[in-house]
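Undergrad: Here it is: the structure, laid out below.
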Amino acid sequence: MIKPNSSRRTTFSFWRIFPLIFVAIFVMHAALLRLPFFWDEAGFYIPAAYDLAHFHTLVPKTTMDTGHPPLPAAYLALWFTLSGWKPAVARIAMLLLAAFALINVFLLARTLTRTGVAVATTIATAVYPIFFVQSSLAHADLAAAAFTLWGIRLYIERRVWPSQFAFCLAVLCKETAIITPLALSLWELLQTRTESARSRITRAAIALVPAAPLLLWLFYHHHVTGRFFGNADFYQYNVTQALNPLRFLLAVGQRIWHLFGIMNMLALTAATAVAMFFPPVKDESGERPRIAVPVQLQFALIMLAHIVTFSLLGGALLTRYLLAAYPLVILIGMSTLHRRIARWEWPAALMVIVFVLGLFFDPPYRFAPEDNLTYKDFVELHYLAARFLEAHERNNIVLSAWPATDELTRPYLGYVQQSFQVLPVRDFTVEELVKARQMRSQYQVVYLFSTKYEAQPLFRSNAWERLNRRFFDYHRDVSPELAAEFLHAKRVFIARSKAEWVAVLEMEQPSSVASVGSETLQQSGDSR
């Protein structure tokens, strides 16, 4: 392995490069900074920061208790308290964490390879759609990834105790960040060096130090709530119902795709595989170096740990859970291109271009809006709908689903000036609309929106769709036109952007409408 740079040089590079990285990503995200909060931001993370700032409680009171450690909420609460409750404040605060993650990617790559590879890896990571989008979203995953990458860099530089401090911060951002220390502890146990077994066990035990603050948080959470983890619904969705052998196998396949294929990562994976057929390039200074094989194996073990863990846990297979692993994939890919392709700069530049294109163009398969800039369309549509409701439906009770229920009741999320009265439903499937029809006297307005992004895939399989419904909470929303007919409502607002839409319906008087049978709705919903 290449000898790490000295601490003094690393410190100097940090303070010289960090401002450049921050300014660069700030400019790239400038158009996104004022967007209201999106999905889990609105549902969990921002309310948790709000509760900490206003009620001084580490366990949220006004939103679902997810059981996540409190460091991200404390970080955001500090920024909000100093600068005001505006979305741009949180987004800039998250960009600082993204810049911190990226400089650790750069320093890690420079430690293991050459400066050119480090620059290419950092740029590619910054523009990779999943990392780019998460860079300004107030999710705990970015903070956990930033400190995890810091810990990995320090560990590779053989700075043992500073790396444990970094990993401790990571697990205080999100409990699943313990994955990387566990993987590194296992790595130490598997070593076949000349040291004694006792020495290996000692190193493995040191790698488990970050488990201590995580356990302290879990015991504190139990002391306050009587539970070690989140509330019953959260635990069941993310743990209990996920423990199924068939689901695990399906999830592993999807997680492998998420790490090596999704959002144009397949291009880099394929380029890396093709490059392996070429012999190493020899320059004037000799054969171009590669990342030391033990380090590559450590990275592989970390990736495997992420794939397995997030196939066992997590109701939704969100790509952001793998955020700390993506830079490792990109680093190995860029290093391989450098080692085996003479003019490696050209394929490296092509990979960056392909990643940028993934931000703007939707792929021909199912994905989450937060995997690229589609989330921006979602937020803008919801903002338009909220403006319409404020202008025309201020005194009415609104029936809607999460996260719109939070958008309409929490003004600090950036959608409304004053809270609405909201009647919640789970989603806008046939079953939920049947329930809504039975409650039609309790509300005057229906706020509908696409809860799943329904781009048309190249291939559609009924069997695969049934498995997704069974294991991964997939469902189909009823169209706004059909919902209006079934609920005896008049459509007064609708807006669309690609495959996403929002609609507002006003309820008509029961005496003035004709009956529409639920059987018709069921048949129409199944035919979509």
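Numbering starts fresh at 1 for the residues of each chain in the structure tokens, the chains themselves are lettered A, B, ... in the order given, and ligands are numbered from 1 as they appear.
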Write down as a ChimeraX atom specification the residues belonging to stretch 257-481 of chain A that are assigned helix (DSSP H, G or I) by DSSP computed on the backbone.
TA: /A:257-260,262-275,293-312,319-322,326-340,345-360,369-371,374-392,404-409,411-413,430-438,440-442,462-471,480-481
Undergrad: Excluding A:Pro181 and its own-chain neighbours fewer than 4 positions away, which residues fall within 8 Å of it when counting only C-alpha atoms? Please give them as a PyMOL selection string.
TA: chain A and resi 167+177+185+207-208+210
Undergrad: Any chance you could tabulate, as a tab-separated table, the residues of stretch 309-398 of chain A at most 12 Å from stretch 100-103 of chain A with each one's nearest atom pair and distance in Å to one decimal, using only C-alpha atoms, in chain and rising number order?
TA:
```
residue	atom	partner	partner_atom	distance
A:Leu323	CA	A:Ala101	CA	10.4
A:Ala324	CA	A:Ala101	CA	9.0
A:Ala325	CA	A:Ala101	CA	11.8
A:Tyr326	CA	A:Leu102	CA	11.6
A:Pro327	CA	A:Leu102	CA	8.8
A:Leu328	CA	A:Leu102	CA	11.8
A:Leu331	CA	A:Leu102	CA	11.9
```
Undergrad: In Å to one decimal, how far is atom CA of A:Val422 from atom CA of A:His475?
TA: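 Computing the Euclidean distance for atom CA of A:His475 and atom CA of A:Val422 yields 22.7 Å.
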Undergrad: For A:Cys173, find every residue with an atom within 10 Å (counting only C-alpha atoms), except residues of its own chain fewer than 5 positions away, and show them as a list in words.
TA: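 After dropping sequence-adjacent residues, the list is His68, Pro69, Pro70, Leu71, Pro72, Ala73, Ala74, Tyr75, His139, Ala140, Asp141, Leu142, Ala143, Ala144, Ala145, Ala146, Phe147, Phe167, Cys168 and Leu214 of chain A.
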Undergrad: Between atom CA of A:Glu370 and atom CA of A:Ile130, what is the distance, to one decimal in Å?
TA: 7.3 Å
Undergrad: One decimal, in Å: what's the spacing between atom CA of A:Arg340 and atom CA of A:Val293?
TA: 15.7 Å
Undergrad: Just list the residues in stretch 297-518 of chain A DSSP gives strand (DSSP E or B) on the backbone, as an MDAnalysis selection string.
TA: chainID A and resid 397:401 421:425 445:449 489:497 500:507
Undergrad: So which one's closest to A:Pro294, A:Ala126, A:Ile156, A:Leu33, A:Met64? Using only C-alpha atoms, please.
TA: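 Among A:Ala126, A:Ile156, A:Leu33, A:Met64, it is A:Ile156 that comes nearest to A:Pro294.
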Undergrad: Need to verify the contact set: A:Leu108, 9 Å, only C-alpha atoms, exclusion of same-chain residues closer than 6 positions in sequence. Can you return it as JSON, numbers by chain?
TA: {"A": [118, 149, 150, 152, 153, 154, 156, 157]}
Undergrad: Got time to write the residues from that selection, C-alpha atoms, as a CSV table (one decimal), in the first residue's frame?
TA:
```csv
chain,number,residue,atom,x,y,z
A,118,ALA,CA,-8.4,11.6,-6.6
A,149,LEU,CA,-15.9,8.3,4.9
A,150,TRP,CA,-13.7,10.3,7.3
A,152,ILE,CA,-12.4,5.0,6.5
A,153,ARG,CA,-9.8,7.5,5.4
A,154,LEU,CA,-8.2,7.7,8.9
A,156,ILE,CA,-6.5,3.5,5.9
A,157,GLU,CA,-4.0,6.0,7.1
```
Undergrad: Would you mind telling me which residue in A:Thr451, A:Ser311, A:Ser497, A:Ser419 lies nearest to A:Arg476 when using only C-alpha atoms?
TA: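 Looking only at the distances to A:Arg476, the closest residue turns out to be A:Thr451.
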Undergrad: Could you tell me which of A:Leu216, A:Ala316, A:Ala138, A:Ile256 comes closest to A:Phe471 if we count only C-alpha atoms?
TA: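 Using only C-alpha atoms, the shortest distance to A:Phe471 belongs to A:Ala316.
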Undergrad: Applying 9 Å and only C-alpha atoms, which residues near A:Phe355 remain after dropping the ones on its own chain fewer than 2 positions away? List them as a list in words.
TA: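 Near A:Phe355, the qualifying residues are Ala124, Thr125, Val127, Tyr128, Pro129, Met263, Asn264, Met265, Ala267, Leu350, Met351, Val352, Ile353, Leu357, Gly358 and Leu359 of chain A.
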Undergrad: Just to be explicit: take each residue in the selection above, keep all heavy atoms, and write the result as an mmCIF file, in the first residue's frame.
TA:
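Listed below is the output, selection_9.cif:
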```
data_model
loop_
_atom_site.group_PDB
_atom_site.id
_atom_site.type_symbol
_atom_site.label_atom_id
_atom_site.label_comp_id
_atom_site.auth_asym_id
_atom_site.auth_seq_id
_atom_site.Cartn_x
_atom_site.Cartn_y
_atom_site.Cartn_z
ATOM 1 N N ALA A 124 -16.606 12.846 -9.849
ATOM 2 C CA ALA A 124 -17.616 11.846 -10.194
ATOM 3 C C ALA A 124 -18.558 11.582 -9.023
ATOM 4 O O ALA A 124 -19.770 11.433 -9.216
ATOM 5 C CB ALA A 124 -16.936 10.547 -10.640
ATOM 6 N N THR A 125 -18.012 11.527 -7.812
ATOM 7 C CA THR A 125 -18.861 11.337 -6.636
ATOM 8 C C THR A 125 -19.812 12.515 -6.464
ATOM 9 O O THR A 125 -20.997 12.340 -6.172
ATOM 10 C CB THR A 125 -18.004 11.167 -5.378
ATOM 11 O OG1 THR A 125 -17.146 10.030 -5.537
ATOM 12 C CG2 THR A 125 -18.873 10.969 -4.148
ATOM 13 N N VAL A 127 -21.123 14.527 -8.612
ATOM 14 C CA VAL A 127 -22.195 14.635 -9.603
ATOM 15 C C VAL A 127 -22.972 13.335 -9.769
ATOM 16 O O VAL A 127 -23.956 13.318 -10.527
ATOM 17 C CB VAL A 127 -21.652 15.093 -10.972
ATOM 18 C CG1 VAL A 127 -20.972 16.441 -10.867
ATOM 19 C CG2 VAL A 127 -20.703 14.051 -11.575
ATOM 20 N N TYR A 128 -22.550 12.258 -9.106
ATOM 21 C CA TYR A 128 -23.343 11.036 -9.182
ATOM 22 C C TYR A 128 -24.746 11.328 -8.657
ATOM 23 O O TYR A 128 -24.893 11.875 -7.560
ATOM 24 C CB TYR A 128 -22.678 9.916 -8.387
ATOM 25 C CG TYR A 128 -23.463 8.634 -8.431
ATOM 26 C CD1 TYR A 128 -23.729 8.004 -9.648
ATOM 27 C CD2 TYR A 128 -23.967 8.064 -7.269
ATOM 28 C CE1 TYR A 128 -24.469 6.833 -9.700
ATOM 29 C CE2 TYR A 128 -24.693 6.888 -7.307
ATOM 30 C CZ TYR A 128 -24.952 6.285 -8.527
ATOM 31 O OH TYR A 128 -25.695 5.126 -8.577
ATOM 32 N N PRO A 129 -25.792 11.026 -9.408
ATOM 33 C CA PRO A 129 -27.135 11.519 -9.072
ATOM 34 C C PRO A 129 -27.564 11.298 -7.630
ATOM 35 O O PRO A 129 -28.106 12.219 -6.997
ATOM 36 C CB PRO A 129 -28.027 10.752 -10.053
ATOM 37 C CG PRO A 129 -27.168 10.553 -11.247
ATOM 38 C CD PRO A 129 -25.783 10.302 -10.698
ATOM 39 N N MET A 263 -28.815 4.476 -11.746
ATOM 40 C CA MET A 263 -28.481 5.851 -12.095
ATOM 41 C C MET A 263 -27.135 5.960 -12.813
ATOM 42 O O MET A 263 -26.268 6.754 -12.459
ATOM 43 C CB MET A 263 -28.503 6.734 -10.842
ATOM 44 C CG MET A 263 -29.906 7.033 -10.368
ATOM 45 S SD MET A 263 -30.835 7.944 -11.599
ATOM 46 C CE MET A 263 -32.506 7.388 -11.255
ATOM 47 N N ASN A 264 -26.977 5.106 -13.820
ATOM 48 C CA ASN A 264 -25.813 5.120 -14.719
ATOM 49 C C ASN A 264 -24.519 4.639 -14.067
ATOM 50 O O ASN A 264 -23.452 4.747 -14.684
ATOM 51 C CB ASN A 264 -25.606 6.499 -15.342
ATOM 52 C CG ASN A 264 -26.763 6.910 -16.239
ATOM 53 O OD1 ASN A 264 -27.594 6.081 -16.604
ATOM 54 N ND2 ASN A 264 -26.821 8.175 -16.611
ATOM 55 N N MET A 265 -24.591 4.124 -12.836
ATOM 56 C CA MET A 265 -23.395 3.498 -12.264
ATOM 57 C C MET A 265 -22.990 2.279 -13.076
ATOM 58 O O MET A 265 -21.812 1.879 -13.078
ATOM 59 C CB MET A 265 -23.644 3.099 -10.812
ATOM 60 C CG MET A 265 -22.423 2.544 -10.090
ATOM 61 S SD MET A 265 -21.078 3.739 -9.884
ATOM 62 C CE MET A 265 -21.654 4.592 -8.397
ATOM 63 N N ALA A 267 -22.547 2.121 -16.126
ATOM 64 C CA ALA A 267 -21.537 2.524 -17.109
ATOM 65 C C ALA A 267 -20.135 2.413 -16.520
ATOM 66 O O ALA A 267 -19.206 1.897 -17.164
ATOM 67 C CB ALA A 267 -21.800 3.952 -17.583
ATOM 68 N N LEU A 350 -15.948 10.777 -19.561
ATOM 69 C CA LEU A 350 -17.218 10.245 -20.057
ATOM 70 C C LEU A 350 -18.094 9.762 -18.911
ATOM 71 O O LEU A 350 -19.325 9.967 -18.926
ATOM 72 C CB LEU A 350 -16.946 9.101 -21.036
ATOM 73 C CG LEU A 350 -18.189 8.444 -21.660
ATOM 74 C CD1 LEU A 350 -18.996 9.454 -22.457
ATOM 75 C CD2 LEU A 350 -17.776 7.262 -22.526
ATOM 76 N N MET A 351 -17.507 9.128 -17.901
ATOM 77 C CA MET A 351 -18.275 8.680 -16.740
ATOM 78 C C MET A 351 -18.916 9.868 -16.024
ATOM 79 O O MET A 351 -20.072 9.803 -15.605
ATOM 80 C CB MET A 351 -17.374 7.913 -15.766
ATOM 81 C CG MET A 351 -16.831 6.598 -16.296
ATOM 82 S SD MET A 351 -18.097 5.449 -16.846
ATOM 83 C CE MET A 351 -17.916 5.597 -18.635
ATOM 84 N N VAL A 352 -18.180 10.961 -15.894
ATOM 85 C CA VAL A 352 -18.727 12.163 -15.255
ATOM 86 C C VAL A 352 -19.911 12.690 -16.058
ATOM 87 O O VAL A 352 -20.962 13.050 -15.500
ATOM 88 C CB VAL A 352 -17.640 13.246 -15.107
ATOM 89 C CG1 VAL A 352 -18.251 14.571 -14.656
ATOM 90 C CG2 VAL A 352 -16.572 12.794 -14.114
ATOM 91 N N ILE A 353 -19.762 12.724 -17.371
ATOM 92 C CA ILE A 353 -20.853 13.204 -18.231
ATOM 93 C C ILE A 353 -22.077 12.300 -18.096
ATOM 94 O O ILE A 353 -23.220 12.781 -17.993
ATOM 95 C CB ILE A 353 -20.384 13.277 -19.697
ATOM 96 C CG1 ILE A 353 -19.323 14.359 -19.853
ATOM 97 C CG2 ILE A 353 -21.559 13.546 -20.637
ATOM 98 C CD1 ILE A 353 -18.652 14.367 -21.216
ATOM 99 N N LEU A 357 -25.844 13.347 -16.838
ATOM 100 C CA LEU A 357 -27.055 13.070 -17.617
ATOM 101 C C LEU A 357 -28.090 12.330 -16.771
ATOM 102 O O LEU A 357 -29.296 12.553 -16.920
ATOM 103 C CB LEU A 357 -26.708 12.250 -18.857
ATOM 104 C CG LEU A 357 -25.875 12.957 -19.934
ATOM 105 C CD1 LEU A 357 -25.528 11.994 -21.058
ATOM 106 C CD2 LEU A 357 -26.634 14.167 -20.480
ATOM 107 N N GLY A 358 -27.618 11.468 -15.872
ATOM 108 C CA GLY A 358 -28.533 10.748 -15.006
ATOM 109 C C GLY A 358 -29.309 11.648 -14.064
ATOM 110 O O GLY A 358 -30.382 11.263 -13.574
ATOM 111 N N LEU A 359 -28.795 12.833 -13.793
ATOM 112 C CA LEU A 359 -29.518 13.787 -12.960
ATOM 113 C C LEU A 359 -30.787 14.288 -13.632
ATOM 114 O O LEU A 359 -31.797 14.547 -12.969
ATOM 115 C CB LEU A 359 -28.621 14.979 -12.620
ATOM 116 C CG LEU A 359 -27.616 14.816 -11.488
ATOM 117 C CD1 LEU A 359 -26.635 15.968 -11.491
ATOM 118 C CD2 LEU A 359 -28.343 14.753 -10.141
#
```
Undergrad: List as a PyMOL selection string the protein and nucleic acid residues near A:Gly116, meaning an atom at most 9 Å away when only C-alpha atoms are counted, but skip any in the same chain fewer than 5 places from it.
TA: chain A and resi 110+121+338+345
